[in-house]
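Participant: Handing over data.txt, compact mmCIF, C-alpha atoms.
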```
# COMPACT_ATOMS: atom_id res chain seq x y z
CA MET A 1 7.52 -44.35 -13.72
CA SER A 2 9.05 -47.20 -15.72
CA GLY A 3 11.55 -44.82 -17.34
CA ASN A 4 12.91 -43.60 -14.03
CA GLY A 5 12.66 -46.82 -12.05
CA ARG A 6 11.39 -46.89 -8.46
CA VAL A 7 10.55 -44.28 -5.87
CA TYR A 8 12.89 -44.27 -2.86
CA GLU A 9 12.02 -42.58 0.43
CA VAL A 10 14.83 -40.57 1.99
CA PHE A 11 15.52 -40.33 5.74
CA ALA A 12 18.24 -38.38 7.47
CA ARG A 13 19.45 -37.09 10.83
CA LYS A 14 21.78 -34.26 11.73
CA LYS A 15 23.29 -35.75 14.87
CA ARG A 16 23.91 -39.24 16.14
CA ALA A 17 21.51 -38.52 19.00
CA ASP A 18 18.70 -37.42 16.63
CA ARG A 19 15.97 -39.63 15.26
CA PHE A 20 15.79 -40.06 11.52
CA GLU A 21 13.37 -37.68 9.85
CA HIS A 22 11.67 -38.26 6.54
CA VAL A 23 13.11 -35.59 4.25
CA GLY A 24 11.63 -36.53 0.88
CA ALA A 25 11.75 -38.97 -2.02
CA VAL A 26 13.61 -39.52 -5.28
CA SER A 27 12.96 -41.60 -8.39
CA ALA A 28 15.91 -43.67 -9.52
CA PRO A 29 16.67 -46.63 -11.81
CA ASN A 30 18.59 -48.44 -9.06
CA GLU A 31 19.68 -48.16 -5.45
CA GLN A 32 23.13 -46.79 -6.28
CA LEU A 33 21.61 -43.83 -8.12
CA ALA A 34 18.95 -43.41 -5.43
CA ARG A 35 21.75 -42.87 -2.89
CA VAL A 36 23.46 -40.30 -5.11
CA TYR A 37 20.22 -38.46 -5.93
CA ALA A 38 19.14 -38.39 -2.30
CA TRP A 39 22.45 -36.99 -1.10
CA GLN A 40 22.61 -34.33 -3.79
CA THR A 41 18.94 -33.34 -3.75
CA TYR A 42 18.37 -33.07 0.01
CA ASP A 43 21.55 -31.19 0.83
CA GLU A 44 19.90 -28.48 2.95
CA ALA A 45 21.68 -29.71 6.08
CA LYS A 46 25.05 -31.18 6.94
CA TRP A 47 23.63 -34.62 7.60
CA PHE A 48 25.32 -36.99 10.00
CA GLU A 49 23.55 -39.92 8.38
CA MET A 50 21.19 -40.46 5.46
CA THR A 51 19.45 -43.60 4.26
CA VAL A 52 17.08 -44.56 1.43
CA ALA A 53 14.58 -47.38 1.01
CA PRO A 54 12.22 -48.26 -1.85
CA ARG A 55 8.73 -46.89 -1.17
CA ASP A 56 7.22 -50.29 -1.94
CA ALA A 57 9.26 -51.87 0.86
CA PHE A 58 7.05 -50.11 3.42
CA ALA A 59 3.90 -51.81 4.66
CA ALA A 60 0.78 -49.83 5.56
CA VAL A 61 -0.31 -50.35 9.15
CA ASN A 62 -3.62 -48.57 9.73
CA ARG A 63 -4.61 -47.28 6.27
CA PRO A 64 -5.52 -49.20 3.17
CA GLN A 65 -3.44 -46.87 0.96
CA ALA A 66 0.24 -47.45 0.30
CA PRO A 67 2.48 -45.50 2.70
CA PHE A 68 3.78 -42.05 1.66
CA THR A 69 1.03 -41.61 -0.93
CA LEU A 70 -1.49 -39.64 1.13
CA GLY A 71 -1.42 -36.09 -0.19
CA ASP A 72 2.19 -36.51 -1.17
CA SER A 73 3.77 -36.62 -4.56
CA VAL A 74 7.10 -37.88 -5.77
CA GLY A 75 9.90 -35.48 -5.10
CA ARG A 76 10.33 -33.17 -2.19
CA ALA A 77 7.99 -34.23 0.61
CA SER A 78 5.03 -31.89 0.87
CA GLY A 79 5.07 -31.08 4.54
CA ASN A 80 6.59 -33.16 7.22
CA SER A 81 5.62 -36.77 7.67
CA ARG A 82 5.57 -36.56 11.45
CA MET B 1 56.47 -43.11 5.63
CA THR B 2 59.23 -41.99 7.91
CA GLU B 3 60.47 -38.95 5.97
CA SER B 4 59.26 -35.56 7.12
CA GLY B 5 56.78 -33.54 5.12
CA PHE B 6 57.24 -30.50 2.91
CA ARG B 7 55.36 -27.55 4.40
CA SER B 8 55.61 -25.36 1.33
CA ALA B 9 56.82 -25.42 -2.27
CA GLU B 10 60.05 -23.82 -1.09
CA ASP B 11 60.95 -26.97 0.83
CA LEU B 12 60.46 -29.25 -2.19
CA PRO B 13 63.47 -30.76 -3.95
CA GLU B 14 64.18 -28.60 -6.96
CA GLU B 15 63.63 -31.40 -9.46
CA ALA B 16 60.17 -32.10 -8.02
CA SER B 17 58.77 -28.61 -7.63
CA GLY B 18 58.07 -27.88 -11.31
CA HIS B 19 56.60 -31.34 -11.84
CA LEU B 20 54.22 -30.94 -8.92
CA ALA B 21 53.09 -27.49 -10.11
CA ASN B 22 52.48 -29.02 -13.54
CA LEU B 23 50.41 -31.83 -12.05
CA ILE B 24 48.32 -29.44 -9.92
CA LEU B 25 47.68 -27.22 -12.95
CA ALA B 26 46.62 -30.23 -15.04
CA LEU B 27 44.24 -31.38 -12.30
CA ALA B 28 42.85 -27.84 -11.90
CA ASP B 29 42.25 -27.39 -15.64
CA ASN B 30 40.61 -30.80 -15.92
CA LYS B 31 38.28 -30.01 -13.06
CA ARG B 32 37.39 -26.58 -14.42
CA LEU B 33 36.53 -28.05 -17.84
CA LEU B 34 34.79 -31.13 -16.42
CA GLY B 35 32.60 -28.82 -14.35
CA ILE B 36 31.51 -27.12 -17.56
CA ARG B 37 30.67 -30.47 -19.14
CA TYR B 38 28.62 -31.45 -16.08
CA SER B 39 26.80 -28.13 -16.16
CA ASP B 40 25.88 -28.69 -19.83
CA TRP B 41 23.56 -31.53 -18.74
CA ILE B 42 21.74 -29.89 -15.84
CA LEU B 43 18.76 -29.30 -18.12
CA GLY B 44 19.22 -32.17 -20.55
CA ALA B 45 19.71 -35.13 -18.23
CA PRO B 46 17.33 -38.12 -18.38
CA SER B 47 15.49 -37.10 -15.20
CA VAL B 48 15.14 -34.14 -12.83
CA GLU B 49 17.14 -36.08 -10.26
CA ALA B 50 19.98 -36.69 -12.75
CA GLY B 51 19.94 -32.97 -13.62
CA ILE B 52 20.31 -32.07 -9.94
CA ALA B 53 23.18 -34.55 -9.71
CA CYS B 54 24.87 -32.85 -12.70
CA SER B 55 24.44 -29.49 -11.01
CA ALA B 56 25.94 -30.76 -7.74
CA MET B 57 28.85 -32.42 -9.55
CA ALA B 58 29.51 -29.23 -11.54
CA GLN B 59 29.68 -27.25 -8.28
CA ASP B 60 32.03 -29.81 -6.77
CA GLU B 61 34.39 -29.66 -9.75
CA TRP B 62 34.48 -25.87 -9.85
CA GLY B 63 35.15 -25.79 -6.12
CA HIS B 64 38.00 -28.26 -6.51
CA ALA B 65 39.45 -26.27 -9.42
CA ARG B 66 39.33 -23.09 -7.33
CA ILE B 67 41.27 -24.70 -4.49
CA LEU B 68 43.86 -26.11 -6.88
CA TYR B 69 44.48 -22.87 -8.78
CA ALA B 70 44.86 -21.05 -5.46
CA MET B 71 47.41 -23.64 -4.39
CA LEU B 72 49.69 -22.66 -7.25
CA ARG B 73 50.41 -19.36 -5.52
CA ASP B 74 52.80 -21.33 -3.32
CA PHE B 75 54.80 -22.12 -6.49
CA GLY B 76 55.12 -18.48 -7.51
CA HIS B 77 52.23 -18.47 -9.99
CA ASP B 78 49.42 -15.92 -10.13
CA PRO B 79 46.18 -17.93 -9.73
CA SER B 80 44.06 -15.16 -11.24
CA ALA B 81 46.18 -15.08 -14.41
CA LEU B 82 45.99 -18.86 -14.63
CA GLU B 83 42.23 -18.81 -14.29
CA HIS B 84 41.39 -15.91 -16.56
CA GLU B 85 44.19 -15.11 -18.97
CA ARG B 86 45.53 -18.19 -20.68
CA ALA B 87 45.10 -19.15 -24.33
CA SER B 88 43.54 -22.45 -25.33
CA ASN B 89 46.89 -24.07 -26.15
CA GLU B 90 48.12 -23.33 -22.63
CA TYR B 91 45.49 -25.55 -20.99
CA HIS B 92 46.54 -28.88 -19.52
CA SER B 93 43.06 -30.45 -19.60
CA SER B 94 42.34 -33.70 -21.41
CA GLU B 95 41.32 -33.57 -25.06
CA LEU B 96 38.16 -35.36 -23.89
CA LEU B 97 36.99 -32.03 -22.47
CA ASP B 98 37.79 -29.78 -25.43
CA ARG B 99 34.19 -29.56 -26.64
CA ASP B 100 30.70 -30.42 -25.45
CA VAL B 101 29.59 -34.01 -25.72
CA ALA B 102 26.74 -35.07 -27.95
CA SER B 103 25.06 -37.82 -25.94
CA TRP B 104 24.36 -39.08 -22.43
CA GLU B 105 26.64 -42.06 -23.17
CA GLU B 106 29.56 -39.75 -24.01
CA PHE B 107 28.75 -37.80 -20.86
CA LEU B 108 29.01 -41.05 -18.88
CA ALA B 109 32.43 -41.75 -20.39
CA LEU B 110 33.56 -38.45 -18.84
CA ASN B 111 31.68 -39.04 -15.59
CA PHE B 112 32.73 -42.64 -15.03
CA LEU B 113 36.04 -43.08 -16.84
CA TRP B 114 37.73 -39.68 -16.79
CA ASP B 115 36.42 -38.31 -13.49
CA THR B 116 37.59 -41.57 -11.88
CA ALA B 117 40.99 -41.18 -13.55
CA LEU B 118 41.26 -37.75 -11.92
CA SER B 119 40.18 -39.14 -8.54
CA VAL B 120 42.82 -41.84 -8.76
CA GLN B 121 45.42 -39.11 -9.25
CA PHE B 122 44.13 -37.47 -6.06
CA GLU B 123 44.22 -40.82 -4.25
CA MET B 124 47.92 -40.82 -5.03
CA LEU B 125 48.18 -37.54 -3.07
CA VAL B 126 46.33 -38.65 0.10
CA GLU B 127 49.55 -39.19 2.04
CA SER B 128 51.67 -36.79 0.03
CA ARG B 129 54.74 -35.36 1.71
CA TYR B 130 53.66 -32.02 0.23
CA GLU B 131 51.40 -31.16 3.16
CA PRO B 132 49.37 -28.26 1.72
CA ILE B 133 47.75 -30.64 -0.76
CA HIS B 134 47.20 -33.68 1.36
CA TYR B 135 45.12 -31.66 3.81
CA LYS B 136 42.67 -30.90 0.98
CA VAL B 137 42.45 -34.26 -0.71
CA ARG B 138 40.31 -36.27 1.70
CA LYS B 139 37.30 -33.96 1.53
CA LEU B 140 37.58 -33.80 -2.23
CA LEU B 141 37.62 -37.59 -2.51
CA GLU B 142 34.57 -37.85 -0.24
CA GLU B 143 32.64 -35.74 -2.72
CA GLU B 144 34.01 -37.70 -5.64
CA ARG B 145 32.60 -40.94 -4.21
CA PHE B 146 29.19 -39.75 -5.33
CA HIS B 147 30.48 -38.92 -8.82
CA PHE B 148 31.77 -42.47 -9.12
CA ASP B 149 28.47 -43.90 -7.89
CA HIS B 150 26.58 -41.70 -10.34
CA GLY B 151 28.73 -42.90 -13.24
CA GLN B 152 28.57 -46.52 -12.18
CA GLY B 153 24.84 -46.41 -11.39
CA TRP B 154 24.02 -45.00 -14.82
CA THR B 155 26.43 -47.30 -16.58
CA SER B 156 24.85 -50.39 -15.06
CA ARG B 157 21.41 -49.04 -15.97
CA LEU B 158 22.46 -48.68 -19.64
CA LEU B 159 24.25 -52.03 -19.70
CA SER B 160 20.98 -53.72 -18.76
CA ALA B 161 19.43 -52.79 -22.14
CA GLU B 162 20.69 -53.89 -25.55
CA GLY B 163 20.61 -50.46 -27.24
CA GLY B 164 22.18 -48.79 -24.24
CA ARG B 165 25.00 -51.32 -24.14
CA THR B 166 25.98 -50.68 -27.78
CA ALA B 167 25.93 -46.88 -27.44
CA LEU B 168 27.86 -47.05 -24.18
CA ALA B 169 30.51 -49.37 -25.63
CA GLU B 170 31.01 -46.93 -28.49
CA ALA B 171 31.34 -43.90 -26.20
CA PHE B 172 33.67 -45.69 -23.77
CA GLY B 173 35.77 -46.98 -26.67
CA ALA B 174 36.18 -43.44 -28.03
CA ALA B 175 37.36 -42.09 -24.66
CA TRP B 176 39.50 -45.06 -23.60
CA ASN B 177 42.83 -44.13 -25.16
CA ALA B 178 42.80 -40.59 -23.77
CA CYS B 179 42.09 -42.01 -20.30
CA LEU B 180 44.89 -44.60 -20.50
CA ARG B 181 47.51 -42.08 -21.49
CA GLY B 182 46.16 -39.44 -19.14
CA PHE B 183 48.38 -40.94 -16.45
CA GLY B 184 51.52 -40.62 -18.57
CA PRO B 185 53.76 -43.31 -20.05
CA ASP B 186 55.26 -45.97 -17.79
CA ASP B 187 58.58 -44.09 -17.72
CA ASP B 188 56.89 -40.71 -17.14
CA PRO B 189 59.52 -38.45 -15.54
CA LEU B 190 56.84 -36.31 -13.87
CA SER B 191 55.13 -38.99 -11.77
CA GLY B 192 58.36 -41.00 -11.51
CA THR B 193 60.15 -38.10 -9.82
CA LEU B 194 57.17 -37.26 -7.62
CA ALA B 195 56.81 -40.90 -6.54
CA MET B 196 60.52 -41.11 -5.73
CA HIS B 197 60.15 -38.20 -3.29
CA GLY B 198 56.97 -39.51 -1.68
CA ILE B 199 54.87 -36.68 -3.13
CA VAL B 200 52.63 -39.13 -5.00
CA ARG B 201 52.17 -42.70 -3.82
CA ARG B 202 52.68 -44.43 -7.16
CA ASP B 203 54.15 -43.60 -10.55
CA ALA B 204 52.20 -43.44 -13.84
CA ALA B 205 52.06 -47.21 -14.31
CA GLY B 206 50.91 -47.70 -10.73
CA ALA B 207 48.21 -45.05 -10.99
CA ARG B 208 46.95 -46.47 -14.29
CA ALA B 209 46.78 -49.94 -12.70
CA ARG B 210 44.74 -48.51 -9.82
CA TRP B 211 42.36 -46.85 -12.29
CA LEU B 212 41.91 -50.14 -14.18
CA GLU B 213 41.14 -51.82 -10.86
CA ARG B 214 38.35 -49.30 -10.25
CA VAL B 215 36.78 -49.07 -13.72
CA GLY B 216 37.75 -52.55 -14.96
CA PRO B 217 34.70 -54.50 -13.78
CA VAL B 218 32.42 -52.12 -15.71
CA ALA B 219 34.77 -51.59 -18.67
CA ALA B 220 34.98 -55.36 -19.09
CA GLU B 221 31.30 -55.31 -20.04
CA THR B 222 32.26 -53.21 -23.05
CA GLY B 223 35.32 -55.32 -23.94
CA LEU B 224 37.87 -52.69 -22.91
CA ALA B 225 39.32 -54.41 -19.85
CA ARG B 226 39.75 -57.90 -18.50
CA ASP B 227 40.60 -59.56 -15.24
CA THR B 228 43.80 -61.60 -15.04
CA GLU B 229 44.79 -63.51 -11.93
CA SER B 230 46.87 -60.64 -10.64
CA ALA B 231 45.23 -57.48 -11.98
CA TRP B 232 42.72 -55.75 -14.23
CA ILE B 233 44.33 -54.92 -17.57
CA SER B 234 43.33 -52.92 -20.64
CA THR B 235 42.63 -54.96 -23.76
CA ARG B 236 44.12 -52.09 -25.79
CA GLU B 237 47.60 -50.61 -25.64
CA PRO B 238 47.65 -46.82 -25.30
CA VAL B 239 48.53 -44.97 -28.49
CA TRP B 240 50.87 -42.01 -27.91
CA GLU B 241 51.36 -38.77 -29.77
CA ASP B 242 54.64 -36.93 -30.08
CA ARG B 243 55.14 -34.21 -27.53
CA TRP B 244 52.40 -35.68 -25.36
CA LEU B 245 54.19 -34.86 -22.16
CA ALA B 246 54.43 -31.11 -22.34
CA ARG B 247 50.79 -30.49 -21.43
CA ARG B 248 49.75 -33.98 -20.31
CA ARG B 249 47.24 -34.20 -23.17
CA ALA B 250 47.15 -34.65 -26.94
CA ALA B 251 49.76 -32.24 -28.25
CA LYS B 252 47.49 -30.30 -30.57
CA GLY B 253 44.67 -27.97 -29.66
CA GLY B 254 42.90 -27.14 -26.43
CA PRO B 255 39.39 -26.24 -25.27
CA ASP B 256 37.27 -24.85 -28.12
CA GLU B 257 36.29 -21.18 -28.23
CA ASP B 258 33.05 -21.54 -26.29
CA SER B 259 34.59 -23.78 -23.61
CA LEU B 260 37.55 -21.45 -23.23
CA ALA B 261 35.32 -18.38 -22.84
CA ARG B 262 33.35 -20.18 -20.13
CA ALA B 263 36.44 -21.56 -18.35
CA ARG B 264 38.00 -18.09 -18.21
CA GLY B 265 34.81 -16.19 -17.44
CA ASP B 266 35.18 -13.97 -20.51
CA ARG B 267 31.59 -12.74 -20.56
CA ASN B 268 31.92 -10.94 -17.25
CA ARG B 269 35.56 -10.10 -17.55
CA GLU B 270 35.05 -6.42 -16.72
CA LEU B 271 33.46 -7.43 -13.40
CA LEU B 272 36.47 -9.42 -12.23
CA MET B 273 37.84 -8.21 -8.94
CA ASP B 274 41.41 -8.37 -7.79
```
For the structure just supplied, provide its representation as structure tokens.
Facilitator:
Amino acid sequence: MSGNGRVYEVFARKKRADRFEHVGAVSAPNEQLARVYAWQTYDEAKWFEMTVAPRDAFAAVNRPQAPFTLGDSVGRASGNSR
Amino acid sequence: MTESGFRSAEDLPEEASGHLANLILALADNKRLLGIRYSDWILGAPSVEAGIACSAMAQDEWGHARILYAMLRDFGHDPSALEHERASNEYHSSELLDRDVASWEEFLALNFLWDTALSVQFEMLVESRYEPIHYKVRKLLEEERFHFDHGQGWTSRLLSAEGGRTALAEAFGAAWNACLRGFGPDDDPLSGTLAMHGIVRRDAAGARARWLERVGPVAAETGLARDTESAWISTREPVWEDRWLARRRAAKGGPDEDSLARARGDRNRELLMD
């Protein structure tokens, strides 16, 4: 992963009234590129708002494993996180 | 701005109409060719994500070009003929786009320096008195924000490594002059006339200064720009060629054979519909 930087988790919502949903992940060398990659990769909806955060910024609550790593790989989220 | 707007090309002052059509054609050709350059890297970019970004940017540019060519109908031109039937030496695109680029650093010179130069020219049209264009510009600039971030994000990534910095400085240096003069000379009659009528916000010198403000902080890292107390300035004077003005690019040449065939859609010419 060193070549491509960090993994960023991508969240988005279609309407102001919606909750954010986890739509996937991107690998990027920095936050600026993570924002660009997220917007251009997960363009299946006309999002009202999208946000990214480094995967390693999330803390596990009830599992020993790092969040987002259970049965998931980098890239498009396999199934919904809900 | 208190003056009323121009609803169509017919309403434009005669001295401004030809200049504006020329500017729109130059922007359209640049976007068509830049889209091709972006598409060249969909499969060769440093990561899958960067390839997707190239694909998205290529689509944006081709969409923008389409809108701009169509706009020239208002000036009495046939958009289809402009898109499909011109010779290489009739293109108004920058010499930077004449052929494919050899490296990711050269690609970034197009993505960060030249694409931003084009966006600055659209910024000048945001409040244009020529209404048909200013309605289109905001959406276009929203999309271009991500092109700028892509260029800047990659540039800062390369600047953080010694080898990357050298290669980037070389690529930016090679593209710099074409970008500087892409706005026209300080006494450019095209942008001067358009600015006088409120069709563009600033003349060539003003637009170039705005571009330096946007790319300067990054270009300074490669020695091409520096910050003075009042503004960002280029450390190099633009070098001009004779007859530069006619096509808003280096006088000689145009897109190479392969680029031209792709820009015009030659391969599927017989499938073109009216």
Participant: Write down, as a short mmCIF file (atom, residue, chain, number, x, y, z; two decimals) with C-alpha atoms, keeping the file's coordinate frame, each residue of chain A that has any atom within 8 Å of an atom of chain B, counting only C-alpha atoms.
Facilitator:
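Result file is iface.cif:
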```cif
data_model
loop_
_atom_site.label_atom_id
_atom_site.label_comp_id
_atom_site.auth_asym_id
_atom_site.auth_seq_id
_atom_site.Cartn_x
_atom_site.Cartn_y
_atom_site.Cartn_z
CA ASN A 4 12.91 -43.60 -14.03
CA VAL A 26 13.61 -39.52 -5.28
CA SER A 27 12.96 -41.60 -8.39
CA ALA A 28 15.91 -43.67 -9.52
CA PRO A 29 16.67 -46.63 -11.81
CA ASN A 30 18.59 -48.44 -9.06
CA GLN A 32 23.13 -46.79 -6.28
CA LEU A 33 21.61 -43.83 -8.12
CA VAL A 36 23.46 -40.30 -5.11
CA TYR A 37 20.22 -38.46 -5.93
CA GLN A 40 22.61 -34.33 -3.79
CA THR A 41 18.94 -33.34 -3.75
#
```
Participant: Counting all atoms listed in the file, which residue out of B:Ala28, B:Val200, B:Leu168, B:Val137 sits closest to Leu113 (chain B)?
Facilitator: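 Once distances to Leu113 (chain B) are computed over all atoms listed in the file, the minimum belongs to B:Leu168.
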Participant: How many Å separate CA of Pro238 (chain B) from CA of Ala65 (chain B)?
Facilitator: 27.2 Å
Participant: Could you give me, as a list in words, the residues within 8 Å of Phe20 (chain A), counting all atoms listed in the file and dropping anything in the same chain fewer than 4 positions from it?
Facilitator: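 Once the adjacent positions are removed, what remains is Phe11, Ala12 and Arg13 of chain A.
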Participant: Residues near Arg165 (chain B), anyone? I mean within 10 Å using all atoms listed in the file, not counting same-chain ones fewer than 3 positions away, as a list in words.
Facilitator: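 The neighbour list is Glu105, Thr155, Ser156, Arg157, Leu158, Leu159, Ser160, Ala161, Glu162, Leu168, Ala169, Glu170, Ala171, Glu221 and Thr222 of chain B.
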Participant: Suppose we keep C-alpha atoms; can you now write the selection as a PDB file, in the frame of the given file?
Facilitator:
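Listed below is the output, result-v3.pdb:
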```pdb
ATOM      1  CA  GLU B 105      26.640 -42.060 -23.170  1.00  0.00           C
ATOM      2  CA  THR B 155      26.430 -47.300 -16.580  1.00  0.00           C
ATOM      3  CA  SER B 156      24.850 -50.390 -15.060  1.00  0.00           C
ATOM      4  CA  ARG B 157      21.410 -49.040 -15.970  1.00  0.00           C
ATOM      5  CA  LEU B 158      22.460 -48.680 -19.640  1.00  0.00           C
ATOM      6  CA  LEU B 159      24.250 -52.030 -19.700  1.00  0.00           C
ATOM      7  CA  SER B 160      20.980 -53.720 -18.760  1.00  0.00           C
ATOM      8  CA  ALA B 161      19.430 -52.790 -22.140  1.00  0.00           C
ATOM      9  CA  GLU B 162      20.690 -53.890 -25.550  1.00  0.00           C
ATOM     10  CA  LEU B 168      27.860 -47.050 -24.180  1.00  0.00           C
ATOM     11  CA  ALA B 169      30.510 -49.370 -25.630  1.00  0.00           C
ATOM     12  CA  GLU B 170      31.010 -46.930 -28.490  1.00  0.00           C
ATOM     13  CA  ALA B 171      31.340 -43.900 -26.200  1.00  0.00           C
ATOM     14  CA  GLU B 221      31.300 -55.310 -20.040  1.00  0.00           C
ATOM     15  CA  THR B 222      32.260 -53.210 -23.050  1.00  0.00           C
TER      16      THR B 222
END
```
Participant: Quick one: residues within 9 Å of Asn177 (chain B), only C-alpha atoms, excluding same-chain residues fewer than 5 positions away - as a list in words?
Facilitator: Gly182, Arg236, Glu237, Pro238, Val239 and Trp240 of chain B
Participant: Skipping near chain neighbours, those fewer than 5 positions away, what residues fall within 6 Å of region 205-218 of chain B using only C-alpha atoms, listed as number ranges by chain?
Facilitator: B: 117, 186, 225, 232
Participant: What does the structure give for the distance between CA of Arg55 (chain A) and CA of Val23 (chain A), in Å to one decimal?
Facilitator: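 For CA of Arg55 (chain A) relative to CA of Val23 (chain A), the distance reads 13.3 Å.
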Participant: Please fill the gaps in region 150-163 of chain B so it has N, CA, C and O atoms, and write that as a PDB file, keeping the file's coordinate frame.
Facilitator:
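Contents of the output file part.pdb:
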```pdb
ATOM      1  N   HIS B 150      27.466 -42.169  -9.279  1.00  0.00           N
ATOM      2  CA  HIS B 150      26.580 -41.700 -10.340  1.00  0.00           C
ATOM      3  C   HIS B 150      26.974 -42.342 -11.675  1.00  0.00           C
ATOM      4  O   HIS B 150      26.130 -42.885 -12.394  1.00  0.00           O
ATOM      5  N   GLY B 151      28.256 -42.305 -11.988  1.00  0.00           N
ATOM      6  CA  GLY B 151      28.730 -42.900 -13.240  1.00  0.00           C
ATOM      7  C   GLY B 151      28.466 -44.388 -13.297  1.00  0.00           C
ATOM      8  O   GLY B 151      27.972 -44.911 -14.302  1.00  0.00           O
ATOM      9  N   GLN B 152      28.758 -45.074 -12.197  1.00  0.00           N
ATOM     10  CA  GLN B 152      28.570 -46.520 -12.180  1.00  0.00           C
ATOM     11  C   GLN B 152      27.079 -46.891 -12.190  1.00  0.00           C
ATOM     12  O   GLN B 152      26.670 -47.821 -12.883  1.00  0.00           O
ATOM     13  N   GLY B 153      26.284 -46.137 -11.434  1.00  0.00           N
ATOM     14  CA  GLY B 153      24.840 -46.410 -11.390  1.00  0.00           C
ATOM     15  C   GLY B 153      24.205 -46.269 -12.768  1.00  0.00           C
ATOM     16  O   GLY B 153      23.399 -47.113 -13.195  1.00  0.00           O
ATOM     17  N   TRP B 154      24.576 -45.209 -13.481  1.00  0.00           N
ATOM     18  CA  TRP B 154      24.020 -45.000 -14.820  1.00  0.00           C
ATOM     19  C   TRP B 154      24.568 -45.998 -15.824  1.00  0.00           C
ATOM     20  O   TRP B 154      23.864 -46.458 -16.724  1.00  0.00           O
ATOM     21  N   THR B 155      25.837 -46.337 -15.674  1.00  0.00           N
ATOM     22  CA  THR B 155      26.430 -47.300 -16.580  1.00  0.00           C
ATOM     23  C   THR B 155      25.731 -48.654 -16.454  1.00  0.00           C
ATOM     24  O   THR B 155      25.370 -49.265 -17.457  1.00  0.00           O
ATOM     25  N   SER B 156      25.499 -49.085 -15.212  1.00  0.00           N
ATOM     26  CA  SER B 156      24.850 -50.390 -15.060  1.00  0.00           C
ATOM     27  C   SER B 156      23.407 -50.349 -15.560  1.00  0.00           C
ATOM     28  O   SER B 156      22.901 -51.327 -16.101  1.00  0.00           O
ATOM     29  N   ARG B 157      22.765 -49.188 -15.420  1.00  0.00           N
ATOM     30  CA  ARG B 157      21.410 -49.040 -15.970  1.00  0.00           C
ATOM     31  C   ARG B 157      21.442 -49.222 -17.501  1.00  0.00           C
ATOM     32  O   ARG B 157      20.620 -49.931 -18.064  1.00  0.00           O
ATOM     33  N   LEU B 158      22.403 -48.578 -18.180  1.00  0.00           N
ATOM     34  CA  LEU B 158      22.460 -48.680 -19.640  1.00  0.00           C
ATOM     35  C   LEU B 158      22.890 -50.073 -20.097  1.00  0.00           C
ATOM     36  O   LEU B 158      22.435 -50.572 -21.124  1.00  0.00           O
ATOM     37  N   LEU B 159      23.768 -50.701 -19.321  1.00  0.00           N
ATOM     38  CA  LEU B 159      24.250 -52.030 -19.700  1.00  0.00           C
ATOM     39  C   LEU B 159      23.139 -53.079 -19.624  1.00  0.00           C
ATOM     40  O   LEU B 159      23.254 -54.150 -20.215  1.00  0.00           O
ATOM     41  N   SER B 160      22.063 -52.743 -18.897  1.00  0.00           N
ATOM     42  CA  SER B 160      20.980 -53.720 -18.760  1.00  0.00           C
ATOM     43  C   SER B 160      20.055 -53.716 -19.967  1.00  0.00           C
ATOM     44  O   SER B 160      19.159 -54.541 -20.071  1.00  0.00           O
ATOM     45  N   ALA B 161      20.266 -52.820 -20.928  1.00  0.00           N
ATOM     46  CA  ALA B 161      19.430 -52.790 -22.140  1.00  0.00           C
ATOM     47  C   ALA B 161      20.317 -52.883 -23.375  1.00  0.00           C
ATOM     48  O   ALA B 161      21.388 -52.272 -23.424  1.00  0.00           O
ATOM     49  N   GLU B 162      19.873 -53.622 -24.353  1.00  0.00           N
ATOM     50  CA  GLU B 162      20.690 -53.890 -25.550  1.00  0.00           C
ATOM     51  C   GLU B 162      21.162 -52.617 -26.247  1.00  0.00           C
ATOM     52  O   GLU B 162      22.347 -52.438 -26.519  1.00  0.00           O
ATOM     53  N   GLY B 163      20.245 -51.703 -26.537  1.00  0.00           N
ATOM     54  CA  GLY B 163      20.610 -50.460 -27.240  1.00  0.00           C
ATOM     55  C   GLY B 163      21.574 -49.629 -26.439  1.00  0.00           C
ATOM     56  O   GLY B 163      22.543 -49.074 -26.965  1.00  0.00           O
TER      57      GLY B 163
END
```
